[in-house]
>>> print(open('data_14.txt').read())   # compact mmCIF, C-alpha atoms
# COMPACT_ATOMS: atom_id res chain seq x y z
CA MET Z 219 17.32 -7.69 -10.94
CA ARG Z 220 16.05 -7.04 -7.43
CA LYS Z 221 18.29 -3.96 -7.15
CA LEU Z 222 16.83 -2.68 -10.42
CA VAL Z 223 13.28 -3.05 -9.09
CA VAL Z 224 14.19 -1.20 -5.89
CA LEU Z 225 15.82 1.59 -7.94
CA LEU Z 226 12.74 1.92 -10.12
CA SER Z 227 10.59 2.27 -6.99
CA PHE Z 228 12.30 5.64 -6.42
CA LEU Z 229 12.37 6.80 -10.04
CA LEU Z 230 8.90 5.86 -11.30
CA PRO Z 231 6.36 7.73 -9.10
CA SER Z 232 6.38 10.89 -11.23
CA LEU Z 233 5.89 8.83 -14.40
CA VAL Z 234 3.06 6.84 -12.83
CA PHE Z 235 1.12 9.92 -11.79
CA ALA Z 236 1.75 11.63 -15.10
CA ALA Z 237 0.18 8.67 -16.90
CA GLY Z 238 -2.84 8.44 -14.60
CA SER Z 239 -5.96 10.55 -14.19
CA ASN Z 240 -6.46 13.81 -12.33
CA TYR Z 241 -8.99 12.28 -9.97
CA PRO Z 242 -8.44 13.72 -6.45
CA LEU Z 243 -6.83 11.29 -4.04
CA ASP Z 244 -8.19 10.61 -0.56
CA LYS Z 245 -5.78 10.60 2.37
CA ALA Z 246 -4.87 7.12 3.62
CA GLU Z 247 -4.43 7.46 7.40
CA TYR Z 248 -2.52 4.21 7.80
CA ASP Z 249 -0.60 3.23 10.93
CA LEU Z 250 2.29 0.77 10.72
CA THR Z 251 2.30 0.37 14.51
CA ASP Z 252 -1.25 -1.04 14.44
CA LYS Z 253 -0.58 -4.78 14.24
CA ALA Z 254 -4.29 -5.65 14.32
CA SER Z 255 -4.76 -3.56 11.18
CA LEU Z 256 -1.73 -5.18 9.54
CA GLN Z 257 -3.10 -8.64 10.34
CA ARG Z 258 -6.50 -7.79 8.85
CA GLY Z 259 -4.75 -6.32 5.82
CA ALA Z 260 -2.65 -9.45 5.42
CA GLN Z 261 -5.78 -11.60 5.51
CA ILE Z 262 -7.39 -9.54 2.74
CA PHE Z 263 -4.17 -9.51 0.72
CA MET Z 264 -3.71 -13.28 0.90
CA ASN Z 265 -7.35 -14.04 0.12
CA TYR Z 266 -8.10 -11.47 -2.58
CA CYS Z 267 -4.76 -10.40 -4.12
CA MET Z 268 -2.46 -13.44 -4.06
CA GLY Z 269 -4.68 -15.43 -6.41
CA CYS Z 270 -3.26 -13.37 -9.28
CA HIS Z 271 -0.51 -11.17 -7.86
CA GLN Z 272 2.50 -11.96 -5.72
CA ALA Z 273 4.94 -10.25 -3.36
CA GLN Z 274 8.00 -12.15 -4.45
CA TYR Z 275 10.53 -9.99 -2.60
CA GLN Z 276 9.04 -10.69 0.83
CA ARG Z 277 9.09 -13.92 2.84
CA TYR Z 278 6.10 -15.37 4.69
CA GLN Z 279 8.11 -15.91 7.87
CA ARG Z 280 9.37 -12.31 7.99
CA THR Z 281 5.83 -11.08 7.41
CA PHE Z 282 4.26 -13.23 10.12
CA GLU Z 283 6.91 -12.29 12.66
CA ASP Z 284 6.66 -8.57 11.91
CA ILE Z 285 2.87 -8.35 12.16
CA GLY Z 286 2.58 -10.64 15.19
CA VAL Z 287 1.11 -13.80 13.64
CA PRO Z 288 2.38 -17.15 15.04
CA LEU Z 289 4.10 -19.12 12.29
CA GLU Z 290 1.84 -22.16 12.63
CA LEU Z 291 -1.29 -20.00 12.50
CA GLY Z 292 0.04 -18.09 9.52
CA GLN Z 293 0.81 -21.28 7.61
CA GLU Z 294 -2.62 -22.68 8.35
CA ASN Z 295 -4.66 -19.60 7.48
CA LEU Z 296 -2.58 -17.38 5.21
CA GLN Z 297 -0.63 -19.79 2.97
CA PHE Z 298 -2.71 -21.55 0.35
CA THR Z 299 -0.30 -23.09 -2.17
CA GLY Z 300 1.84 -25.35 0.01
CA GLU Z 301 4.94 -23.15 0.36
CA LYS Z 302 7.29 -23.42 3.29
CA VAL Z 303 7.07 -20.65 5.86
CA GLY Z 304 10.52 -19.43 4.82
CA ASP Z 305 9.61 -19.12 1.13
CA TYR Z 306 8.99 -15.93 -0.80
CA MET Z 307 5.36 -14.87 -1.26
CA LYS Z 308 4.85 -16.01 -4.85
CA GLY Z 309 1.47 -16.18 -6.54
CA ALA Z 310 -0.23 -19.29 -7.83
CA MET Z 311 -1.08 -17.97 -11.30
CA PRO Z 312 1.37 -18.99 -14.07
CA LYS Z 313 2.74 -16.04 -16.04
CA ALA Z 314 1.55 -17.50 -19.34
CA SER Z 315 -2.00 -17.84 -18.02
CA ALA Z 316 -1.99 -14.26 -16.77
CA GLU Z 317 -0.92 -12.96 -20.16
CA LYS Z 318 -3.64 -15.03 -21.83
CA TRP Z 319 -6.46 -13.97 -19.49
CA PHE Z 320 -5.49 -10.35 -18.82
CA GLY Z 321 -3.44 -9.48 -21.89
CA THR Z 322 -0.30 -8.92 -19.81
CA ALA Z 323 1.54 -10.35 -16.84
CA VAL Z 324 0.07 -9.08 -13.57
CA PRO Z 325 2.44 -6.85 -11.58
CA ASP Z 326 4.26 -7.86 -8.43
CA LEU Z 327 2.88 -5.98 -5.42
CA THR Z 328 5.89 -5.93 -3.09
CA LEU Z 329 6.81 -2.33 -3.90
CA VAL Z 330 3.53 -1.03 -5.31
CA ALA Z 331 2.88 1.21 -2.29
CA ARG Z 332 6.27 2.87 -2.75
CA VAL Z 333 5.74 3.33 -6.48
CA ARG Z 334 2.10 4.43 -6.43
CA GLY Z 335 1.77 5.86 -2.94
CA ALA Z 336 -0.64 4.95 -0.14
CA ASP Z 337 -3.16 7.64 -1.08
CA TRP Z 338 -3.26 6.38 -4.67
CA LEU Z 339 -3.87 2.79 -3.58
CA TYR Z 340 -6.51 3.79 -1.04
CA THR Z 341 -8.45 5.83 -3.60
CA TYR Z 342 -7.94 3.32 -6.41
CA LEU Z 343 -9.42 0.42 -4.44
CA ARG Z 344 -12.50 2.53 -3.60
CA THR Z 345 -13.22 3.94 -7.07
CA PHE Z 346 -14.16 0.96 -9.21
CA TYR Z 347 -17.52 1.41 -10.89
CA VAL Z 348 -19.73 -0.50 -13.31
CA ASP Z 349 -18.79 0.00 -16.97
CA ASP Z 350 -20.29 -2.52 -19.38
CA SER Z 351 -17.90 -1.46 -22.13
CA ARG Z 352 -14.92 -2.92 -20.27
CA PRO Z 353 -13.89 -6.62 -20.48
CA PHE Z 354 -14.49 -7.21 -16.75
CA GLY Z 355 -17.53 -4.96 -16.55
CA VAL Z 356 -15.84 -2.33 -14.39
CA ASN Z 357 -13.67 0.74 -14.79
CA ASN Z 358 -11.75 2.89 -12.33
CA LYS Z 359 -11.63 6.63 -11.68
CA VAL Z 360 -7.97 6.70 -10.66
CA PHE Z 361 -6.75 4.24 -13.30
CA PRO Z 362 -9.03 4.64 -16.36
CA ASP Z 363 -9.47 1.53 -18.50
CA VAL Z 364 -7.61 -0.64 -16.01
CA GLY Z 365 -7.38 -4.28 -17.07
CA MET Z 366 -8.28 -5.67 -13.66
CA PRO Z 367 -11.56 -6.97 -12.23
CA HIS Z 368 -12.95 -5.49 -9.03
CA VAL Z 369 -11.69 -8.28 -6.79
CA LEU Z 370 -13.16 -6.71 -3.64
CA GLN Z 371 -16.69 -6.46 -5.06
CA GLU Z 372 -17.80 -9.26 -2.74
CA LEU Z 373 -16.99 -6.96 0.17
CA GLN Z 374 -18.15 -3.65 -1.30
CA GLY Z 375 -21.09 -4.71 -3.44
CA VAL Z 376 -21.71 -3.52 -7.01
CA PRO Z 377 -20.37 0.07 -7.27
CA TYR Z 378 -22.13 2.62 -9.47
CA ASP Z 379 -21.46 6.19 -10.51
CA SER Z 380 -24.14 8.18 -8.72
CA HIS Z 381 -25.67 11.57 -9.44
CA GLU Z 382 -28.06 13.74 -7.51
CA GLU Z 383 -29.92 16.99 -8.00
CA ARG Z 384 -28.66 20.05 -6.16
CA MET Z 385 -29.63 23.70 -6.12
CA ILE Z 386 -26.94 25.64 -7.98
CA ASP Z 387 -27.37 29.34 -8.83
CA GLY Z 388 -31.09 29.08 -8.17
CA GLU Z 389 -31.57 26.08 -10.44
CA MET Z 390 -31.81 22.36 -9.76
CA LYS Z 391 -28.94 20.67 -11.55
CA GLU Z 392 -27.74 17.09 -11.69
CA VAL Z 393 -24.26 16.76 -10.25
CA TYR Z 394 -21.83 13.90 -9.70
CA ALA Z 395 -22.21 12.44 -6.20
CA GLY Z 396 -19.41 9.89 -6.16
CA ILE Z 397 -19.40 6.10 -6.25
CA LYS Z 398 -22.00 4.25 -4.22
CA SER Z 399 -22.61 0.55 -3.66
CA ASP Z 400 -25.89 -1.21 -4.36
CA GLY Z 401 -25.72 -2.68 -0.85
CA SER Z 402 -25.07 -6.27 -1.95
CA GLY Z 403 -21.61 -6.45 -0.34
CA THR Z 404 -20.81 -8.12 2.95
CA LEU Z 405 -19.54 -4.82 4.38
CA SER Z 406 -21.15 -1.44 4.89
CA PRO Z 407 -19.52 1.55 3.11
CA GLU Z 408 -17.74 2.54 6.33
CA GLU Z 409 -16.56 -1.03 6.96
CA TYR Z 410 -15.34 -1.33 3.38
CA ASP Z 411 -13.31 1.87 3.63
CA LYS Z 412 -11.75 0.54 6.84
CA ALA Z 413 -10.95 -2.81 5.20
CA VAL Z 414 -9.28 -1.05 2.28
CA LEU Z 415 -7.25 1.06 4.71
CA ASP Z 416 -6.11 -2.13 6.47
CA LEU Z 417 -5.07 -3.57 3.10
CA VAL Z 418 -3.19 -0.40 2.18
CA ASN Z 419 -1.51 -0.42 5.59
CA PHE Z 420 -0.24 -3.94 4.92
CA MET Z 421 0.94 -3.05 1.42
CA VAL Z 422 2.85 -0.04 2.78
CA TYR Z 423 4.51 -2.43 5.23
CA LEU Z 424 5.40 -4.81 2.36
CA GLY Z 425 7.18 -2.03 0.52
CA GLU Z 426 9.48 -1.28 3.46
CA PRO Z 427 9.33 -3.91 6.21
CA SER Z 428 12.14 -2.33 8.24
CA ARG Z 429 10.69 1.18 8.16
CA LEU Z 430 9.75 1.37 11.84
CA GLU Z 431 13.10 -0.04 12.88
CA ALA Z 432 14.92 2.40 10.60
CA GLU Z 433 12.96 5.34 12.01
CA SER Z 434 13.76 4.22 15.55
CA ILE Z 435 17.47 3.90 14.78
CA GLY Z 436 17.39 7.26 13.03
CA ARG Z 437 16.04 8.99 16.14
CA TRP Z 438 18.83 7.50 18.26
CA VAL Z 439 21.41 8.55 15.67
CA ILE Z 440 20.14 12.13 15.86
CA VAL Z 441 20.37 12.04 19.68
CA PHE Z 442 23.94 10.70 19.43
CA ILE Z 443 24.93 13.43 16.97
CA LEU Z 444 23.53 16.15 19.25
CA VAL Z 445 25.32 14.79 22.30
CA PHE Z 446 28.54 14.33 20.32
CA PHE Z 447 28.26 17.92 19.07
CA VAL Z 448 28.15 19.24 22.65
CA PHE Z 449 31.28 17.34 23.63
CA ALA Z 450 33.04 18.26 20.37
CA TYR Z 451 32.22 21.93 20.92
CA LEU Z 452 33.54 21.86 24.51
CA LEU Z 453 36.70 20.09 23.34
CA LYS Z 454 37.20 22.66 20.62
CA LYS Z 455 36.94 25.50 23.16
CA GLU Z 456 39.45 23.76 25.39
CA TYR Z 457 41.98 23.36 22.55
CA TRP Z 458 41.60 26.96 21.37
CA ARG Z 459 41.78 28.48 24.86
CA ASP Z 460 45.59 28.62 24.83
CA VAL Z 461 45.69 30.00 21.29
CA HIS Z 462 43.75 33.08 22.29
>>> encode(input="data_14.txt", output="structure tokens")
Amino acid sequence: MRKLVVLLSFLLPSLVFAAGSNYPLDKAEYDLTDKASLQRGAQIFMNYCMGCHQAQYQRYQRTFEDIGVPLELGQENLQFTGEKVGDYMKGAMPKASAEKWFGTAVPDLTLVARVRGADWLYTYLRTFYVDDSRPFGVNNKVFPDVGMPHVLQELQGVPYDSHEERMIDGEMKEVYAGIKSDGSGTLSPEEYDKAVLDLVNFMVYLGEPSRLEAESIGRWVIVFILVFFVFAYLLKKEYWRDVH
């Protein structure tokens, strides 16, 4: 089953984007080498995402070690349902309850950054807006009619579609000015964007925990191949010298 999920992570991106909106995506300038960002992202993920979702293909211990969090500190501040530090990161919400409350089982988030893409996630988490016609009172520009509440509203504040008047072709016209908060959140707009980027950074890490290590090994492999090529070429010339 796990192999199937990993395979789908490579095959589904085109289908996901085809089914979504054409809303332009903002660039997520994440940095997997920034452990402070990963730690902040983990804190947001555990506090605001794990109540419903889970990352069942990743272990707490591996996560804490990779992002530089002492195991005891991680257990005390980032594990809330009594798991052991070596357990997988499973959510607390029963599947049956999720289907009853949301109409469907909530997705696992281990590979969501690989399926959706970092830019998609970054834009999605910043484009919720008030829509009284929806069950949870919000909608989303990137994922229209999404069946998910705006779980980060406490941080952002209440987001509204905003419009403003601009001079266009000599006439004042009302144009779309993006999504703006009412200011009731605990973070400023700039701080909220940074918090979302930290969260996306962590979710990108979840999707491929060994990415930095693989990239490092890959660079050394390339160096080895280049050096080997030089010696192989010199050996080839030496063998063919007598032939000519």
>>> closest_residue(input="data_14.txt", among="Z:Phe447, Z:Tyr275, Z:Tyr378, Z:Phe263", to="Gly355 of chain Z", atoms="all atoms listed in the file")
Z:Tyr378
>>> axis_aligned_box(input="data_14.txt", around="segment 313-320 of chain Z", padding_each_side="6 Å", output="AutoDock Vina command-line options")
--center_x -1.9 --center_y -14.1 --center_z -18.9 --size_x 21.2 --size_y 19.5 --size_z 17.8
>>> closest_residue(input="data_14.txt", among="Z:Phe282, Z:Tyr347, Z:Tyr394, Z:Trp338", to="Lys253 of chain Z", atoms="all atoms listed in the file")
Z:Phe282
>>> atom_distance(input="data_14.txt", atom1="atom CA of Asn357 of chain Z", atom2="atom CA of Gly375 of chain Z")
14.6 Å
>>> atom_distance(input="data_14.txt", atom1="atom CA of Leu370 of chain Z", atom2="atom CA of Leu417 of chain Z")
11.0 Å
>>> atom_distance(input="data_14.txt", atom1="atom CA of Ala331 of chain Z", atom2="atom CA of Ser380 of chain Z")
28.6 Å
>>> closest_residue(input="data_14.txt", among="Z:Ser255, Z:Ser399, Z:Gln276, Z:Asn240", to="Ala413 of chain Z", atoms="all atoms listed in the file")
Z:Ser255
>>> closest_residue(input="data_14.txt", among="Z:Met385, Z:Val393, Z:Leu415, Z:Ala314", to="Gln257 of chain Z", atoms="only C-alpha atoms")
Z:Leu415
>>> closest_residue(input="data_14.txt", among="Z:Arg437, Z:Lys391, Z:His381, Z:Lys359", to="Ser239 of chain Z", atoms="only C-alpha atoms")
Z:Lys359
>>> closest_residue(input="data_14.txt", among="Z:Pro407, Z:Pro288, Z:Gly304, Z:Gly365", to="Trp319 of chain Z", atoms="all atoms listed in the file")
Z:Gly365
>>> residues_around(input="data_14.txt", residues="segment 348-352 of chain Z", least_positions_apart="6", cutoff="8 Å", atoms="all atoms listed in the file", output="PDB file with C-alpha atoms, keeping the file's coordinate frame")
ATOM      1  CA  ASP Z 363      -9.470   1.530 -18.500  1.00  0.00           C
ATOM      2  CA  VAL Z 376     -21.710  -3.520  -7.010  1.00  0.00           C
ATOM      3  CA  PRO Z 377     -20.370   0.070  -7.270  1.00  0.00           C
ATOM      4  CA  TYR Z 378     -22.130   2.620  -9.470  1.00  0.00           C
ATOM      5  CA  ASP Z 379     -21.460   6.190 -10.510  1.00  0.00           C
TER       6      ASP Z 379
END
>>> residues_around(input="data_14.txt", residues="Met311 of chain Z", least_positions_apart="2", cutoff="7 Å", atoms="all atoms listed in the file", output="short mmCIF file (atom, residue, chain, number, x, y, z; two decimals) with C-alpha atoms, in the coordinates of the input")
data_model
loop_
_atom_site.label_atom_id
_atom_site.label_comp_id
_atom_site.auth_asym_id
_atom_site.auth_seq_id
_atom_site.Cartn_x
_atom_site.Cartn_y
_atom_site.Cartn_z
CA GLY Z 269 -4.68 -15.43 -6.41
CA CYS Z 270 -3.26 -13.37 -9.28
CA GLY Z 309 1.47 -16.18 -6.54
CA LYS Z 313 2.74 -16.04 -16.04
CA SER Z 315 -2.00 -17.84 -18.02
CA ALA Z 316 -1.99 -14.26 -16.77
#
>>> decode(input="data_14.txt", residues="segment 380-394 of chain Z", atoms="all heavy atoms", output="mmCIF file, in the first residue's frame")
data_model
loop_
_atom_site.group_PDB
_atom_site.id
_atom_site.type_symbol
_atom_site.label_atom_id
_atom_site.label_comp_id
_atom_site.auth_asym_id
_atom_site.auth_seq_id
_atom_site.Cartn_x
_atom_site.Cartn_y
_atom_site.Cartn_z
ATOM 1 N N SER Z 380 -11.156 41.540 -1.490
ATOM 2 C CA SER Z 380 -11.152 42.999 -1.465
ATOM 3 C C SER Z 380 -11.138 43.560 -2.888
ATOM 4 O O SER Z 380 -10.594 42.941 -3.802
ATOM 5 C CB SER Z 380 -9.936 43.523 -0.695
ATOM 6 O OG SER Z 380 -8.733 43.179 -1.343
ATOM 7 N N HIS Z 381 -11.738 44.715 -3.029
ATOM 8 C CA HIS Z 381 -11.763 45.430 -4.306
ATOM 9 C C HIS Z 381 -11.406 46.886 -4.055
ATOM 10 O O HIS Z 381 -11.600 47.411 -2.965
ATOM 11 C CB HIS Z 381 -13.145 45.326 -4.963
ATOM 12 C CG HIS Z 381 -13.545 43.929 -5.325
ATOM 13 N ND1 HIS Z 381 -14.024 43.029 -4.393
ATOM 14 C CD2 HIS Z 381 -13.511 43.266 -6.517
ATOM 15 C CE1 HIS Z 381 -14.286 41.872 -4.994
ATOM 16 N NE2 HIS Z 381 -13.994 41.993 -6.267
ATOM 17 N N GLU Z 382 -10.876 47.510 -5.061
ATOM 18 C CA GLU Z 382 -10.543 48.935 -4.951
ATOM 19 C C GLU Z 382 -10.733 49.606 -6.303
ATOM 20 O O GLU Z 382 -10.756 48.943 -7.345
ATOM 21 C CB GLU Z 382 -9.098 49.115 -4.480
ATOM 22 C CG GLU Z 382 -8.064 48.506 -5.396
ATOM 23 C CD GLU Z 382 -6.656 48.615 -4.847
ATOM 24 O OE1 GLU Z 382 -6.474 48.622 -3.616
ATOM 25 O OE2 GLU Z 382 -5.722 48.680 -5.670
ATOM 26 N N GLU Z 383 -10.892 50.912 -6.259
ATOM 27 C CA GLU Z 383 -11.094 51.669 -7.499
ATOM 28 C C GLU Z 383 -9.750 52.117 -8.068
ATOM 29 O O GLU Z 383 -8.881 52.596 -7.333
ATOM 30 C CB GLU Z 383 -11.985 52.886 -7.243
ATOM 31 C CG GLU Z 383 -13.444 52.527 -6.981
ATOM 32 C CD GLU Z 383 -14.351 53.744 -7.006
ATOM 33 O OE1 GLU Z 383 -13.815 54.869 -6.929
ATOM 34 O OE2 GLU Z 383 -15.579 53.577 -7.120
ATOM 35 N N ARG Z 384 -9.592 51.896 -9.360
ATOM 36 C CA ARG Z 384 -8.375 52.296 -10.043
ATOM 37 C C ARG Z 384 -8.732 52.987 -11.350
ATOM 38 O O ARG Z 384 -9.778 52.725 -11.949
ATOM 39 C CB ARG Z 384 -7.477 51.088 -10.334
ATOM 40 C CG ARG Z 384 -6.928 50.401 -9.094
ATOM 41 C CD ARG Z 384 -6.083 49.210 -9.469
ATOM 42 N NE ARG Z 384 -5.621 48.481 -8.287
ATOM 43 C CZ ARG Z 384 -4.972 47.325 -8.336
ATOM 44 N NH1 ARG Z 384 -4.706 46.773 -9.520
ATOM 45 N NH2 ARG Z 384 -4.583 46.718 -7.223
ATOM 46 N N MET Z 385 -7.832 53.868 -11.785
ATOM 47 C CA MET Z 385 -8.032 54.572 -13.042
ATOM 48 C C MET Z 385 -7.608 53.658 -14.183
ATOM 49 O O MET Z 385 -6.444 53.283 -14.293
ATOM 50 C CB MET Z 385 -7.212 55.852 -13.058
ATOM 51 C CG MET Z 385 -7.395 56.686 -14.319
ATOM 52 S SD MET Z 385 -9.058 57.425 -14.441
ATOM 53 C CE MET Z 385 -8.960 58.661 -13.141
ATOM 54 N N ILE Z 386 -8.567 53.278 -15.026
ATOM 55 C CA ILE Z 386 -8.294 52.424 -16.169
ATOM 56 C C ILE Z 386 -8.911 53.059 -17.410
ATOM 57 O O ILE Z 386 -10.123 53.311 -17.458
ATOM 58 C CB ILE Z 386 -8.873 51.004 -15.957
ATOM 59 C CG1 ILE Z 386 -8.263 50.356 -14.702
ATOM 60 C CG2 ILE Z 386 -8.612 50.139 -17.184
ATOM 61 C CD1 ILE Z 386 -8.826 48.987 -14.394
ATOM 62 N N ASP Z 387 -8.069 53.351 -18.401
ATOM 63 C CA ASP Z 387 -8.521 53.977 -19.648
ATOM 64 C C ASP Z 387 -9.297 55.262 -19.388
ATOM 65 O O ASP Z 387 -10.323 55.549 -20.023
ATOM 66 C CB ASP Z 387 -9.389 53.005 -20.465
ATOM 67 C CG ASP Z 387 -8.619 51.773 -20.902
ATOM 68 O OD1 ASP Z 387 -7.394 51.891 -21.096
ATOM 69 O OD2 ASP Z 387 -9.236 50.697 -21.058
ATOM 70 N N GLY Z 388 -8.817 56.039 -18.405
ATOM 71 C CA GLY Z 388 -9.431 57.328 -18.119
ATOM 72 C C GLY Z 388 -10.676 57.257 -17.268
ATOM 73 O O GLY Z 388 -11.308 58.286 -17.021
ATOM 74 N N GLU Z 389 -11.039 56.065 -16.809
ATOM 75 C CA GLU Z 389 -12.232 55.908 -15.987
ATOM 76 C C GLU Z 389 -11.887 55.183 -14.692
ATOM 77 O O GLU Z 389 -11.030 54.305 -14.657
ATOM 78 C CB GLU Z 389 -13.318 55.120 -16.731
ATOM 79 C CG GLU Z 389 -13.835 55.792 -17.991
ATOM 80 C CD GLU Z 389 -14.935 54.991 -18.654
ATOM 81 O OE1 GLU Z 389 -15.443 54.043 -17.985
ATOM 82 O OE2 GLU Z 389 -15.275 55.260 -19.804
ATOM 83 N N MET Z 390 -12.577 55.563 -13.615
ATOM 84 C CA MET Z 390 -12.405 54.878 -12.343
ATOM 85 C C MET Z 390 -13.236 53.594 -12.369
ATOM 86 O O MET Z 390 -14.453 53.628 -12.556
ATOM 87 C CB MET Z 390 -12.842 55.772 -11.189
ATOM 88 C CG MET Z 390 -11.958 56.997 -10.988
ATOM 89 S SD MET Z 390 -10.244 56.566 -10.574
ATOM 90 C CE MET Z 390 -10.463 55.786 -8.981
ATOM 91 N N LYS Z 391 -12.536 52.468 -12.196
ATOM 92 C CA LYS Z 391 -13.223 51.191 -12.226
ATOM 93 C C LYS Z 391 -12.858 50.384 -10.989
ATOM 94 O O LYS Z 391 -11.762 50.500 -10.457
ATOM 95 C CB LYS Z 391 -12.851 50.405 -13.482
ATOM 96 C CG LYS Z 391 -13.293 51.071 -14.778
ATOM 97 C CD LYS Z 391 -12.952 50.199 -15.971
ATOM 98 C CE LYS Z 391 -13.408 50.840 -17.288
ATOM 99 N NZ LYS Z 391 -13.074 50.003 -18.456
ATOM 100 N N GLU Z 392 -13.806 49.575 -10.543
ATOM 101 C CA GLU Z 392 -13.560 48.713 -9.392
ATOM 102 C C GLU Z 392 -12.876 47.435 -9.860
ATOM 103 O O GLU Z 392 -13.371 46.745 -10.747
ATOM 104 C CB GLU Z 392 -14.880 48.373 -8.685
ATOM 105 C CG GLU Z 392 -14.676 47.660 -7.355
ATOM 106 C CD GLU Z 392 -15.980 47.399 -6.620
ATOM 107 O OE1 GLU Z 392 -16.665 46.432 -7.000
ATOM 108 O OE2 GLU Z 392 -16.302 48.169 -5.689
ATOM 109 N N VAL Z 393 -11.722 47.149 -9.264
ATOM 110 C CA VAL Z 393 -10.958 45.971 -9.660
ATOM 111 C C VAL Z 393 -10.653 45.115 -8.434
ATOM 112 O O VAL Z 393 -10.654 45.599 -7.299
ATOM 113 C CB VAL Z 393 -9.642 46.367 -10.366
ATOM 114 C CG1 VAL Z 393 -9.934 47.098 -11.657
ATOM 115 C CG2 VAL Z 393 -8.770 47.210 -9.450
ATOM 116 N N TYR Z 394 -10.378 43.847 -8.689
ATOM 117 C CA TYR Z 394 -10.056 42.908 -7.617
ATOM 118 C C TYR Z 394 -8.681 43.243 -7.046
ATOM 119 O O TYR Z 394 -7.712 43.425 -7.777
ATOM 120 C CB TYR Z 394 -10.084 41.484 -8.150
ATOM 121 C CG TYR Z 394 -9.754 40.432 -7.120
ATOM 122 C CD1 TYR Z 394 -10.595 40.204 -6.036
ATOM 123 C CD2 TYR Z 394 -8.610 39.645 -7.239
ATOM 124 C CE1 TYR Z 394 -10.306 39.231 -5.097
ATOM 125 C CE2 TYR Z 394 -8.312 38.667 -6.309
ATOM 126 C CZ TYR Z 394 -9.159 38.470 -5.241
ATOM 127 O OH TYR Z 394 -8.864 37.506 -4.298
#
